[in-house]
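What follows is the content of final.pdb (PDB, C-alpha atoms).
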ATOM      1  CA  MET T   7     -49.088  99.684-128.424
ATOM      2  CA  VAL T   8     -45.421  99.185-127.641
ATOM      3  CA  LYS T   9     -42.175  99.283-129.549
ATOM      4  CA  ALA T  10     -39.192  96.967-129.552
ATOM      5  CA  SER T  11     -35.768  97.845-130.898
ATOM      6  CA  LYS T  12     -32.445  96.009-130.968
ATOM      7  CA  ASN T  13     -31.695  96.996-127.376
ATOM      8  CA  ASP T  14     -35.226  97.123-126.080
ATOM      9  CA  PRO T  15     -37.185  93.828-126.052
ATOM     10  CA  ILE T  16     -40.938  93.885-126.434
ATOM     11  CA  GLN T  17     -42.903  94.875-123.361
ATOM     12  CA  ARG T  18     -46.348  93.335-123.296
ATOM     13  CA  PRO T  19     -49.312  95.722-123.182
ATOM     14  CA  ILE T  20     -52.183  95.082-120.796
ATOM     15  CA  VAL T  21     -54.691  92.888-122.630
ATOM     16  CA  ILE T  22     -57.956  91.112-121.868
ATOM     17  CA  PRO T  23     -57.217  87.667-120.367
ATOM     18  CA  ASP T  24     -57.336  84.903-122.969
ATOM     19  CA  PRO T  25     -60.700  83.033-122.829
ATOM     20  CA  GLU T  26     -58.831  79.741-122.739
ATOM     21  CA  GLY T  27     -56.476  80.894-119.967
ATOM     22  CA  SER T  28     -53.221  80.873-121.966
ATOM     23  CA  ARG T  29     -51.208  82.814-124.529
ATOM     24  CA  ASP T  30     -52.689  80.560-127.214
ATOM     25  CA  ASN T  31     -55.769  81.381-129.262
ATOM     26  CA  GLU T  32     -54.899  84.957-130.151
ATOM     27  CA  VAL T  33     -53.960  87.174-133.079
ATOM     28  CA  ARG T  34     -51.205  89.740-132.531
ATOM     29  CA  PRO T  35     -51.134  92.709-134.972
ATOM     30  CA  PHE T  36     -47.740  94.351-135.495
ATOM     31  CA  ALA T  37     -45.839  96.943-137.533
ATOM     32  CA  ILE T  38     -42.176  97.010-138.533
ATOM     33  CA  GLU T  39     -40.439 100.275-137.682
ATOM     34  CA  GLY T  40     -39.289 102.403-140.604
ATOM     35  CA  MET T  41     -41.308 100.426-143.131
ATOM     36  CA  ASP T  42     -44.790 100.720-144.565
ATOM     37  CA  VAL T  43     -45.352  97.113-143.520
ATOM     38  CA  ARG T  44     -48.069  95.764-141.266
ATOM     39  CA  GLY T  45     -48.674  92.217-140.196
ATOM     40  CA  ARG T  46     -50.470  89.736-137.968
ATOM     41  CA  ALA T  47     -49.415  86.560-136.219
ATOM     42  CA  VAL T  48     -51.886  83.961-134.972
ATOM     43  CA  ARG T  49     -51.618  80.937-132.709
ATOM     44  CA  LEU T  50     -54.416  78.382-132.213
ATOM     45  CA  GLY T  51     -54.153  75.802-129.443
ATOM     46  CA  THR T  52     -57.303  74.439-127.811
ATOM     47  CA  VAL T  53     -59.466  76.197-130.416
ATOM     48  CA  ALA T  54     -57.868  74.242-133.270
ATOM     49  CA  ASP T  55     -57.990  70.978-131.355
ATOM     50  CA  GLN T  56     -61.638  71.377-130.350
ATOM     51  CA  ILE T  57     -62.761  72.116-133.907
ATOM     52  CA  LEU T  58     -60.659  69.464-135.641
ATOM     53  CA  SER T  59     -61.307  66.771-133.032
ATOM     54  CA  ALA T  60     -65.073  67.161-133.331
ATOM     55  CA  HIS T  61     -64.835  65.108-136.543
ATOM     56  CA  ASN T  62     -62.753  62.052-137.278
ATOM     57  CA  TYR T  63     -60.899  63.692-140.154
ATOM     58  CA  PRO T  64     -57.884  61.981-141.704
ATOM     59  CA  ASP T  65     -54.779  63.956-140.679
ATOM     60  CA  PRO T  66     -54.098  65.439-144.168
ATOM     61  CA  VAL T  67     -57.661  66.818-144.280
ATOM     62  CA  ALA T  68     -57.448  68.134-140.710
ATOM     63  CA  ARG T  69     -54.213  69.974-141.576
ATOM     64  CA  ILE T  70     -55.851  71.867-144.433
ATOM     65  CA  LEU T  71     -58.902  72.701-142.344
ATOM     66  CA  GLY T  72     -56.576  73.898-139.562
ATOM     67  CA  GLU T  73     -54.762  76.156-142.027
ATOM     68  CA  MET T  74     -58.115  77.544-143.198
ATOM     69  CA  LEU T  75     -59.027  78.316-139.584
ATOM     70  CA  THR T  76     -55.680  80.059-139.191
ATOM     71  CA  LEU T  77     -56.247  82.141-142.312
ATOM     72  CA  ALA T  78     -59.731  83.053-141.103
ATOM     73  CA  GLY T  79     -58.179  84.192-137.820
ATOM     74  CA  LEU T  80     -55.728  86.458-139.642
ATOM     75  CA  LEU T  81     -58.399  87.986-141.873
ATOM     76  CA  GLY T  82     -61.301  88.060-139.433
ATOM     77  CA  SER T  83     -59.297  89.908-136.803
ATOM     78  CA  MET T  84     -59.151  92.865-139.209
ATOM     79  CA  LEU T  85     -62.874  93.519-138.687
ATOM     80  CA  LYS T  86     -63.387  96.810-136.880
ATOM     81  CA  PHE T  87     -67.048  96.118-136.054
ATOM     82  CA  LYS T  88     -69.331  93.142-135.487
ATOM     83  CA  GLY T  89     -69.489  90.832-138.466
ATOM     84  CA  ILE T  90     -68.632  87.496-140.031
ATOM     85  CA  VAL T  91     -65.761  86.576-142.340
ATOM     86  CA  THR T  92     -66.369  83.332-144.245
ATOM     87  CA  LEU T  93     -63.849  81.355-146.292
ATOM     88  CA  GLN T  94     -65.172  78.637-148.605
ATOM     89  CA  ALA T  95     -63.078  76.396-150.840
ATOM     90  CA  LYS T  96     -64.966  74.366-153.464
ATOM     91  CA  SER T  97     -63.466  71.973-155.990
ATOM     92  CA  GLY T  98     -63.755  68.592-157.617
ATOM     93  CA  GLY T  99     -61.138  66.983-155.402
ATOM     94  CA  ALA T 100     -61.236  64.505-152.546
ATOM     95  CA  VAL T 101     -62.233  67.391-150.270
ATOM     96  CA  PRO T 102     -64.895  69.084-152.427
ATOM     97  CA  MET T 103     -65.760  71.744-149.847
ATOM     98  CA  ILE T 104     -64.215  73.386-146.796
ATOM     99  CA  VAL T 105     -66.032  76.166-144.941
ATOM    100  CA  VAL T 106     -64.745  78.203-142.015
ATOM    101  CA  ASP T 107     -65.940  81.438-140.515
ATOM    102  CA  TYR T 108     -64.873  83.998-137.956
ATOM    103  CA  GLU T 109     -67.580  85.893-136.091
ATOM    104  CA  VAL T 110     -67.102  89.017-133.962
ATOM    105  CA  ARG T 111     -69.780  89.932-131.417
ATOM    106  CA  ASP T 112     -70.121  92.774-128.920
ATOM    107  CA  ASP T 113     -67.464  91.312-126.614
ATOM    108  CA  GLY T 114     -64.836  91.615-129.371
ATOM    109  CA  ILE T 115     -63.783  87.950-129.133
ATOM    110  CA  GLY T 116     -63.404  86.130-132.451
ATOM    111  CA  ARG T 117     -65.419  82.913-132.691
ATOM    112  CA  LEU T 118     -64.119  80.300-135.115
ATOM    113  CA  ARG T 119     -65.851  77.277-136.587
ATOM    114  CA  GLY T 120     -65.266  75.099-139.633
ATOM    115  CA  TYR T 121     -65.840  71.766-141.325
ATOM    116  CA  ALA T 122     -64.629  69.784-144.321
ATOM    117  CA  GLN T 123     -66.649  67.623-146.685
ATOM    118  CA  ILE T 124     -64.858  64.460-147.825
ATOM    119  CA  ASP T 125     -65.307  62.264-150.889
ATOM    120  CA  GLU T 126     -64.175  58.979-149.349
ATOM    121  CA  ALA T 127     -63.849  57.175-152.692
ATOM    122  CA  LYS T 128     -61.531  59.828-154.149
ATOM    123  CA  LEU T 129     -59.569  60.157-150.923
ATOM    124  CA  ALA T 130     -58.806  56.431-150.940
ATOM    125  CA  THR T 131     -56.999  56.783-154.295
ATOM    126  CA  TYR T 132     -54.434  59.323-153.012
ATOM    127  CA  GLY T 133     -52.548  57.188-150.501
ATOM    128  CA  LYS T 134     -51.426  58.164-146.989
ATOM    129  CA  ASN T 135     -49.905  61.583-147.746
ATOM    130  CA  PRO T 136     -51.903  63.295-150.489
ATOM    131  CA  SER T 137     -50.765  66.725-151.682
ATOM    132  CA  PHE T 138     -52.754  69.918-151.246
ATOM    133  CA  ASN T 139     -53.629  69.820-154.953
ATOM    134  CA  GLY T 140     -54.610  66.183-154.669
ATOM    135  CA  LEU T 141     -57.002  66.859-151.821
ATOM    136  CA  ILE T 142     -58.461  70.130-153.034
ATOM    137  CA  GLY T 143     -58.297  69.539-156.774
ATOM    138  CA  THR T 144     -57.306  72.821-158.393
ATOM    139  CA  LYS T 145     -59.177  72.252-161.668
ATOM    140  CA  ASN T 146     -62.223  74.560-161.654
ATOM    141  CA  GLY T 147     -61.751  75.056-157.916
ATOM    142  CA  TYR T 148     -62.021  78.390-156.151
ATOM    143  CA  LEU T 149     -61.616  80.059-152.777
ATOM    144  CA  ALA T 150     -64.284  82.606-151.848
ATOM    145  CA  LEU T 151     -63.911  85.253-149.145
ATOM    146  CA  THR T 152     -67.135  86.825-147.869
ATOM    147  CA  ILE T 153     -67.343  89.691-145.373
ATOM    148  CA  ASP T 154     -70.757  90.391-143.838
ATOM    149  CA  GLN T 155     -71.001  93.277-141.357
ATOM    150  CA  GLY T 156     -74.777  93.359-141.043
ATOM    151  CA  GLU T 157     -77.738  94.882-142.823
ATOM    152  CA  ASP T 158     -76.359  98.437-142.747
ATOM    153  CA  MET T 159     -73.155  97.506-144.596
ATOM    154  CA  ASP T 160     -72.621  96.213-148.117
ATOM    155  CA  ARG T 161     -71.650  92.574-148.271
ATOM    156  CA  TYR T 162     -68.253  91.949-149.873
ATOM    157  CA  GLN T 163     -67.144  88.829-151.730
ATOM    158  CA  GLY T 164     -63.884  88.076-153.497
ATOM    159  CA  ILE T 165     -63.027  84.895-155.405
ATOM    160  CA  VAL T 166     -59.698  83.433-156.536
ATOM    161  CA  ASP T 167     -58.784  80.207-158.336
ATOM    162  CA  LEU T 168     -57.332  77.404-156.218
ATOM    163  CA  LYS T 169     -53.944  77.661-157.887
ATOM    164  CA  GLY T 170     -50.900  77.038-155.733
ATOM    165  CA  GLU T 171     -48.924  74.384-153.929
ATOM    166  CA  ASN T 172     -50.622  75.186-150.627
ATOM    167  CA  LEU T 173     -53.299  77.374-149.083
ATOM    168  CA  ALA T 174     -50.837  80.183-148.332
ATOM    169  CA  GLU T 175     -50.050  80.501-152.055
ATOM    170  CA  VAL T 176     -53.748  80.631-152.898
ATOM    171  CA  ALA T 177     -54.278  83.399-150.320
ATOM    172  CA  ARG T 178     -51.247  85.313-151.630
ATOM    173  CA  ASN T 179     -52.695  85.187-155.140
ATOM    174  CA  TYR T 180     -56.009  86.467-153.797
ATOM    175  CA  PHE T 181     -54.429  89.573-152.283
ATOM    176  CA  MET T 182     -52.411  90.338-155.403
ATOM    177  CA  ASN T 183     -55.279  89.783-157.842
ATOM    178  CA  SER T 184     -58.221  91.158-155.840
ATOM    179  CA  GLU T 185     -56.661  93.890-153.731
ATOM    180  CA  GLN T 186     -53.303  94.546-155.437
ATOM    181  CA  THR T 187     -51.692  94.335-151.996
ATOM    182  CA  PRO T 188     -48.203  92.778-151.773
ATOM    183  CA  THR T 189     -48.657  90.007-149.213
ATOM    184  CA  GLU T 190     -46.578  87.170-147.781
ATOM    185  CA  LEU T 191     -47.899  84.590-145.360
ATOM    186  CA  ARG T 192     -47.170  81.244-143.759
ATOM    187  CA  LEU T 193     -49.754  78.800-142.409
ATOM    188  CA  THR T 194     -49.232  75.544-140.584
ATOM    189  CA  CYS T 195     -51.209  72.949-138.618
ATOM    190  CA  GLU T 196     -49.861  69.811-136.942
ATOM    191  CA  ARG T 197     -50.405  67.529-133.980
ATOM    192  CA  ASP T 198     -48.356  68.340-130.886
ATOM    193  CA  ALA T 199     -45.564  65.778-130.547
ATOM    194  CA  VAL T 200     -46.179  65.421-126.797
ATOM    195  CA  THR T 201     -49.955  65.661-126.342
ATOM    196  CA  GLY T 202     -51.157  64.604-129.787
ATOM    197  CA  ASN T 203     -53.518  67.597-129.807
ATOM    198  CA  TRP T 204     -53.903  69.760-132.889
ATOM    199  CA  ARG T 205     -52.170  73.137-132.985
ATOM    200  CA  ALA T 206     -52.122  75.751-135.745
ATOM    201  CA  GLY T 207     -50.308  79.000-136.409
ATOM    202  CA  GLY T 208     -49.635  81.574-139.059
ATOM    203  CA  ILE T 209     -48.067  84.918-139.844
ATOM    204  CA  MET T 210     -48.793  87.495-142.532
ATOM    205  CA  VAL T 211     -47.118  90.718-143.656
ATOM    206  CA  GLN T 212     -48.545  93.233-146.125
ATOM    207  CA  HIS T 213     -47.043  96.288-147.761
ATOM    208  CA  LEU T 214     -49.244  99.360-147.579
ATOM    209  CA  ALA T 215     -47.710 100.736-150.741
ATOM    210  CA  ARG T 216     -48.189 104.380-151.616
ATOM    211  CA  GLY T 217     -48.449 105.893-155.050
ATOM    212  CA  GLU T 218     -51.012 103.982-157.074
ATOM    213  CA  VAL T 219     -51.077 104.019-160.856
ATOM    214  CA  GLY T 220     -54.410 102.629-162.038
ATOM    215  CA  GLN T 221     -54.759  99.330-160.253
ATOM    216  CA  GLU T 222     -51.007  98.789-159.748
ATOM    217  CA  ARG T 223     -49.019  99.738-156.684
ATOM    218  CA  ILE T 224     -45.590 101.047-157.549
ATOM    219  CA  LEU T 225     -42.683 100.523-155.120
ATOM    220  CA  ASP T 226     -39.569 102.670-155.434
ATOM    221  CA  ARG T 227     -36.168 101.015-155.044
ATOM    222  CA  GLU T 228     -35.764 101.692-151.321
ATOM    223  CA  THR T 229     -39.323 100.658-150.549
ATOM    224  CA  LYS T 230     -38.956  97.504-152.616
ATOM    225  CA  GLU T 231     -35.771  96.574-150.730
ATOM    226  CA  GLN T 232     -37.569  97.119-147.408
ATOM    227  CA  TRP T 233     -40.441  94.926-148.518
ATOM    228  CA  GLU T 234     -38.078  92.200-149.680
ATOM    229  CA  ARG T 235     -36.326  92.296-146.302
ATOM    230  CA  ALA T 236     -39.616  92.087-144.401
ATOM    231  CA  SER T 237     -40.735  89.174-146.609
ATOM    232  CA  ILE T 238     -37.464  87.249-146.292
ATOM    233  CA  LEU T 239     -37.454  87.600-142.506
ATOM    234  CA  MET T 240     -41.076  86.470-142.287
ATOM    235  CA  ASN T 241     -40.400  83.454-144.486
ATOM    236  CA  SER T 242     -37.474  82.496-142.241
ATOM    237  CA  VAL T 243     -39.940  81.490-139.520
ATOM    238  CA  LYS T 244     -40.108  77.764-138.890
ATOM    239  CA  ALA T 245     -43.312  75.769-138.560
ATOM    240  CA  GLU T 246     -42.206  74.675-135.083
ATOM    241  CA  GLU T 247     -41.942  78.329-134.018
ATOM    242  CA  LEU T 248     -45.461  79.086-135.211
ATOM    243  CA  LEU T 249     -46.780  76.156-133.154
ATOM    244  CA  ASP T 250     -44.556  76.196-130.066
ATOM    245  CA  PRO T 251     -46.699  76.842-126.939
ATOM    246  CA  ALA T 252     -43.579  77.924-125.023
ATOM    247  CA  LEU T 253     -42.800  80.711-127.519
ATOM    248  CA  ASP T 254     -45.445  83.412-127.305
ATOM    249  CA  LEU T 255     -46.168  85.585-130.317
ATOM    250  CA  ASP T 256     -44.425  88.666-128.897
ATOM    251  CA  GLN T 257     -41.215  86.679-128.505
ATOM    252  CA  LEU T 258     -41.595  85.257-131.991
ATOM    253  CA  LEU T 259     -42.021  88.708-133.541
ATOM    254  CA  PHE T 260     -39.033  90.075-131.615
ATOM    255  CA  ARG T 261     -36.960  87.129-132.841
ATOM    256  CA  LEU T 262     -37.866  87.940-136.447
ATOM    257  CA  TYR T 263     -37.731  91.748-136.490
ATOM    258  CA  HIS T 264     -35.655  92.971-133.522
ATOM    259  CA  GLU T 265     -32.980  94.486-135.776
ATOM    260  CA  ASP T 266     -35.502  96.844-137.348
ATOM    261  CA  GLY T 267     -37.789  97.286-134.354
ATOM    262  CA  VAL T 268     -41.305  95.912-134.149
ATOM    263  CA  ARG T 269     -44.367  97.591-132.692
ATOM    264  CA  VAL T 270     -47.103  95.280-131.423
ATOM    265  CA  PHE T 271     -50.753  96.112-130.785
ATOM    266  CA  GLU T 272     -53.437  94.672-128.539
ATOM    267  CA  ALA T 273     -54.233  91.058-129.314
ATOM    268  CA  ALA T 274     -57.537  89.792-130.645
ATOM    269  CA  HIS T 275     -58.645  86.742-128.655
ATOM    270  CA  LEU T 276     -60.192  83.654-130.210
ATOM    271  CA  MET T 277     -62.488  80.866-129.116
ATOM    272  CA  LYS T 278     -64.430  78.010-130.675
ATOM    273  CA  GLY T 279     -67.924  79.219-131.462
ATOM    274  CA  CYS T 280     -70.871  77.709-133.293
ATOM    275  CA  ARG T 281     -74.188  79.394-134.026
ATOM    276  CA  CYS T 282     -76.331  76.258-133.892
ATOM    277  CA  ASP T 283     -79.115  76.147-131.271
ATOM    278  CA  ARG T 284     -82.440  74.379-130.751
ATOM    279  CA  GLU T 285     -84.574  77.410-131.594
ATOM    280  CA  ARG T 286     -82.852  77.964-134.920
ATOM    281  CA  LEU T 287     -83.133  74.294-135.867
ATOM    282  CA  LEU T 288     -86.789  74.178-134.871
ATOM    283  CA  ALA T 289     -87.377  77.104-137.215
ATOM    284  CA  VAL T 290     -85.826  75.011-140.009
ATOM    285  CA  LEU T 291     -88.068  72.030-139.166
ATOM    286  CA  ALA T 292     -91.071  74.350-139.370
ATOM    287  CA  GLN T 293     -90.551  74.490-143.141
ATOM    288  CA  PHE T 294     -91.426  70.794-143.504
ATOM    289  CA  GLY T 295     -94.888  69.256-143.671
ATOM    290  CA  ASP T 296     -96.267  66.330-141.667
ATOM    291  CA  ASP T 297     -95.252  63.746-144.275
ATOM    292  CA  ASP T 298     -91.664  65.010-144.298
ATOM    293  CA  ILE T 299     -91.513  64.920-140.517
ATOM    294  CA  GLU T 300     -92.765  61.329-140.509
ATOM    295  CA  HIS T 301     -89.969  60.342-142.904
ATOM    296  CA  MET T 302     -87.385  62.030-140.659
ATOM    297  CA  LEU T 303     -88.418  60.041-137.601
ATOM    298  CA  GLU T 304     -85.996  57.433-136.346
ATOM    299  CA  ASP T 305     -86.799  55.590-133.119
ATOM    300  CA  GLY T 306     -89.540  58.110-132.460
ATOM    301  CA  LYS T 307     -87.387  61.222-132.713
ATOM    302  CA  ILE T 308     -85.819  63.560-135.271
ATOM    303  CA  GLY T 309     -82.046  63.974-135.047
ATOM    304  CA  VAL T 310     -80.499  67.109-136.571
ATOM    305  CA  ASN T 311     -76.713  67.233-136.809
ATOM    306  CA  CYS T 312     -74.671  70.443-137.016
ATOM    307  CA  GLN T 313     -71.949  69.950-139.628
ATOM    308  CA  PHE T 314     -69.662  72.457-137.909
ATOM    309  CA  CYS T 315     -69.557  71.242-134.296
ATOM    310  CA  ASN T 316     -70.915  67.726-135.014
ATOM    311  CA  LYS T 317     -73.446  68.092-132.212
ATOM    312  CA  THR T 318     -76.770  66.298-132.691
ATOM    313  CA  PHE T 319     -80.036  67.811-131.455
ATOM    314  CA  ASP T 320     -82.990  65.491-130.878
ATOM    315  CA  PHE T 321     -86.588  66.648-131.353
ATOM    316  CA  THR T 322     -89.895  64.916-130.824
ATOM    317  CA  PRO T 323     -92.417  65.062-133.700
ATOM    318  CA  GLU T 324     -94.651  67.122-131.396
ATOM    319  CA  GLU T 325     -91.905  69.738-131.005
ATOM    320  CA  ALA T 326     -91.431  69.933-134.773
ATOM    321  CA  ARG T 327     -95.158  70.168-135.475
ATOM    322  CA  GLY T 328     -95.587  72.705-132.699
ATOM    323  CA  GLN T 329     -93.346  75.107-134.567
ATOM    324  CA  GLN T 330     -95.552  74.869-137.627
ATOM    325  CA  ALA T 331     -98.444  76.403-135.788
TER     326      ALA T 331
END
In C-alpha cells, what does this structure look like?
Amino acid sequence: MVKASKNDPIQRPIVIPDPEGSRDNEVRPFAIEGMDVRGRAVRLGTVADQILSAHNYPDPVARILGEMLTLAGLLGSMLKFKGIVTLQAKSGGAVPMIVVDYEVRDDGIGRLRGYAQIDEAKLATYGKNPSFNGLIGTKNGYLALTIDQGEDMDRYQGIVDLKGENLAEVARNYFMNSEQTPTELRLTCERDAVTGNWRAGGIMVQHLARGEVGQERILDRETKEQWERASILMNSVKAEELLDPALDLDQLLFRLYHEDGVRVFEAAHLMKGCRCDRERLLAVLAQFGDDDIEHMLEDGKIGVNCQFCNKTFDFTPEEARGQQA
C-alpha cells in the first residue's frame, strides 16, 4: 500500500497485470488519511461492454444493468476468500428482474456476469427516457444481496426496498438499514462518445464509526465533520471522471483527496465470467423424460440458451438421453 499527501502524488504499487491488458476493469481500495473512512473505486471497460452487448438491451435498461455490475464489483471485491456475491432486483416494473453476480476463484480475479428481464409491453409505455423508478417500479420491489462463501460458511442475505431515485440511493439505504454503516456512493454507466462501447464506473466511501450504542453508530462532532468532508469530496466526482479511460483510478483518487492524503491498496482485477457449460446443461436435461425431450426438439436438436451470456448450446436427443442413463 502507498500513501499520497499534498506534496507527494500517488505512487502505484506493483500489481498483477490486468486480464484485459489495461487500467480498466479493476477495483481500487483506498483509505483517507486521518479519518476512519475507507472506500473503493471501480472502472469497467471491456467487461461492461461485453456483458451489455451480449443482449440487445434498450440503452436505459443497459445503463441500470451496468450500474448493478458496478455495484457488484464494489461489494464483491470485499470478499476475502472464494465465493459469490449476487445482487437481484425484483419488482413489478418494465424491468421486473435484474440479476448480477461477482465470483472469486483461486486466482483472485473477480468474474462478473448479469442480465435483465424486460416486460416489452410496459417498457413501450414509458417513452424514450424512462426514469429509474419507471423501469424498476418501486412498489413492492426489493433489492437482495446474497453472499455465498461455500459449504463451510453461513450464507448471508440482506434485503432492502427499492426506494430511491437511482440505484445508488437504494444501495445507500441498504447499508444504513441493514448494516448501520454510513455510506456514500456514485454509480454511472454510459456509452463512450468516441467508440460507442459501454463503460461503467463507481466510487464508494464508508465510515467505520466507533462507539456503538445498540444498533446505532454515534459520531462525535469532529468525526462527523470528517465524514461530511469525505462525503462531499466523493460526491464532487463527475460521471465523466468515473468513465474516462485516460484518467486511471489512482489519479482520480488523488484528485479528490490529495489535500488530506489518500492511501491506496492493491487492485482487484475483473473480467467477464459465466458459469454455463455443456456438462452442467446436460445435467439439467437429465431431469426431463423422453416426452419432454421430444417437445424440446427443433430441427432435430435441443437448443439451450444461457440468459447471462446469451450463448446457445445445441444438443442432440441422443446426448440428452445419454445423460439419463
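CA of Asp65 in chain T is positioned 20.6 Å from CA of Glu175 in chain T.
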Review point. Which residue, T:Leu259, T:Leu287, T:Ala47, T:Met103, has the smallest gap to Arg192 in chain T when you use only C-alpha atoms?
Key: T:Ala47
Review point. From the set T:Gln123, T:Asn31, T:Gln163, T:Gln212, which residue has the shortest atom-to-atom contact distance to Arg49 in chain T, counting all atoms listed in the file?
Key: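 Of T:Gln123, T:Asn31, T:Gln163, T:Gln212, the one nearest Arg49 in chain T, counting all atoms listed in the file, is T:Asn31.
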For the file shown, what are the residues hit by the PyMOL selection byres ((chain T and resi 236) around 9), laid out as an mmCIF file with C-alpha atoms, in the coordinates of the input?
data_model
loop_
_atom_site.group_PDB
_atom_site.id
_atom_site.type_symbol
_atom_site.label_atom_id
_atom_site.label_comp_id
_atom_site.auth_asym_id
_atom_site.auth_seq_id
_atom_site.Cartn_x
_atom_site.Cartn_y
_atom_site.Cartn_z
ATOM 1 C CA ILE T 38 -42.176 97.010 -138.533
ATOM 2 C CA MET T 41 -41.308 100.426 -143.131
ATOM 3 C CA VAL T 43 -45.352 97.113 -143.520
ATOM 4 C CA VAL T 211 -47.118 90.718 -143.656
ATOM 5 C CA GLU T 231 -35.771 96.574 -150.730
ATOM 6 C CA GLN T 232 -37.569 97.119 -147.408
ATOM 7 C CA TRP T 233 -40.441 94.926 -148.518
ATOM 8 C CA GLU T 234 -38.078 92.200 -149.680
ATOM 9 C CA ARG T 235 -36.326 92.296 -146.302
ATOM 10 C CA SER T 237 -40.735 89.174 -146.609
ATOM 11 C CA ILE T 238 -37.464 87.249 -146.292
ATOM 12 C CA LEU T 239 -37.454 87.600 -142.506
ATOM 13 C CA MET T 240 -41.076 86.470 -142.287
ATOM 14 C CA ASN T 241 -40.400 83.454 -144.486
ATOM 15 C CA TYR T 263 -37.731 91.748 -136.490
#
**Study point:** Answer key for the PyMOL selection byres ((chain T and resi 176-190) around 9), residues as a PyMOL selection string
**Key:** chain T and resi 77+149+164-175+191-192+209-215+221-223+233+237+240-241
Exercise for review: Mind giving me the straight-line distance from CA of Gly40 in chain T to CA of Gly267 in chain T in Å, one decimal?
Suggested key: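 We find that CA of Gly40 in chain T and CA of Gly267 in chain T lie 8.2 Å from each other.
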File for range 130-177 of chain T (C-alpha atoms), as a CSV table (one decimal), in the first residue's frame:
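File produced: out20.csv:
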chain,number,residue,atom,x,y,z
T,130,ALA,CA,-43.3,0.7,-24.5
T,131,THR,CA,-45.5,3.0,-22.3
T,132,TYR,CA,-42.5,4.9,-20.7
T,133,GLY,CA,-41.2,6.7,-23.8
T,134,LYS,CA,-37.5,7.1,-24.8
T,135,ASN,CA,-36.0,8.1,-21.5
T,136,PRO,CA,-37.8,6.3,-18.6
T,137,SER,CA,-36.8,7.1,-15.1
T,138,PHE,CA,-35.2,4.6,-12.7
T,139,ASN,CA,-38.5,4.3,-10.8
T,140,GLY,CA,-40.3,3.8,-14.1
T,141,LEU,CA,-38.1,1.0,-15.2
T,142,ILE,CA,-37.8,-0.8,-11.9
T,143,GLY,CA,-41.1,0.0,-10.3
T,144,THR,CA,-40.5,0.7,-6.7
T,145,LYS,CA,-43.9,-0.5,-5.5
T,146,ASN,CA,-43.4,-3.9,-3.7
T,147,GLY,CA,-39.9,-4.0,-5.3
T,148,TYR,CA,-36.8,-5.1,-3.5
T,149,LEU,CA,-33.0,-5.5,-3.9
T,150,ALA,CA,-31.5,-8.6,-2.4
T,151,LEU,CA,-27.8,-9.1,-1.6
T,152,THR,CA,-26.6,-12.7,-1.2
T,153,ILE,CA,-23.1,-13.7,-0.1
T,154,ASP,CA,-22.2,-17.4,-0.5
T,155,GLN,CA,-18.7,-18.4,0.5
T,156,GLY,CA,-19.2,-22.2,0.2
T,157,GLU,CA,-20.5,-25.0,2.3
T,158,ASP,CA,-18.3,-24.3,5.3
T,159,MET,CA,-19.6,-20.7,5.7
T,160,ASP,CA,-23.1,-19.5,6.6
T,161,ARG,CA,-24.9,-17.9,3.6
T,162,TYR,CA,-25.8,-14.3,4.2
T,163,GLN,CA,-28.7,-12.4,2.6
T,164,GLY,CA,-29.9,-8.8,3.1
T,165,ILE,CA,-33.0,-7.2,1.5
T,166,VAL,CA,-34.0,-3.6,1.1
T,167,ASP,CA,-36.9,-1.9,-0.6
T,168,LEU,CA,-36.3,-0.4,-4.0
T,169,LYS,CA,-36.9,3.2,-2.7
T,170,GLY,CA,-34.8,5.9,-4.2
T,171,GLU,CA,-34.2,8.0,-7.3
T,172,ASN,CA,-31.5,5.7,-8.5
T,173,LEU,CA,-29.6,2.5,-7.7
T,174,ALA,CA,-27.0,4.4,-5.6
T,175,GLU,CA,-29.7,5.6,-3.3
T,176,VAL,CA,-31.2,2.1,-2.9
T,177,ALA,CA,-27.7,0.8,-2.0
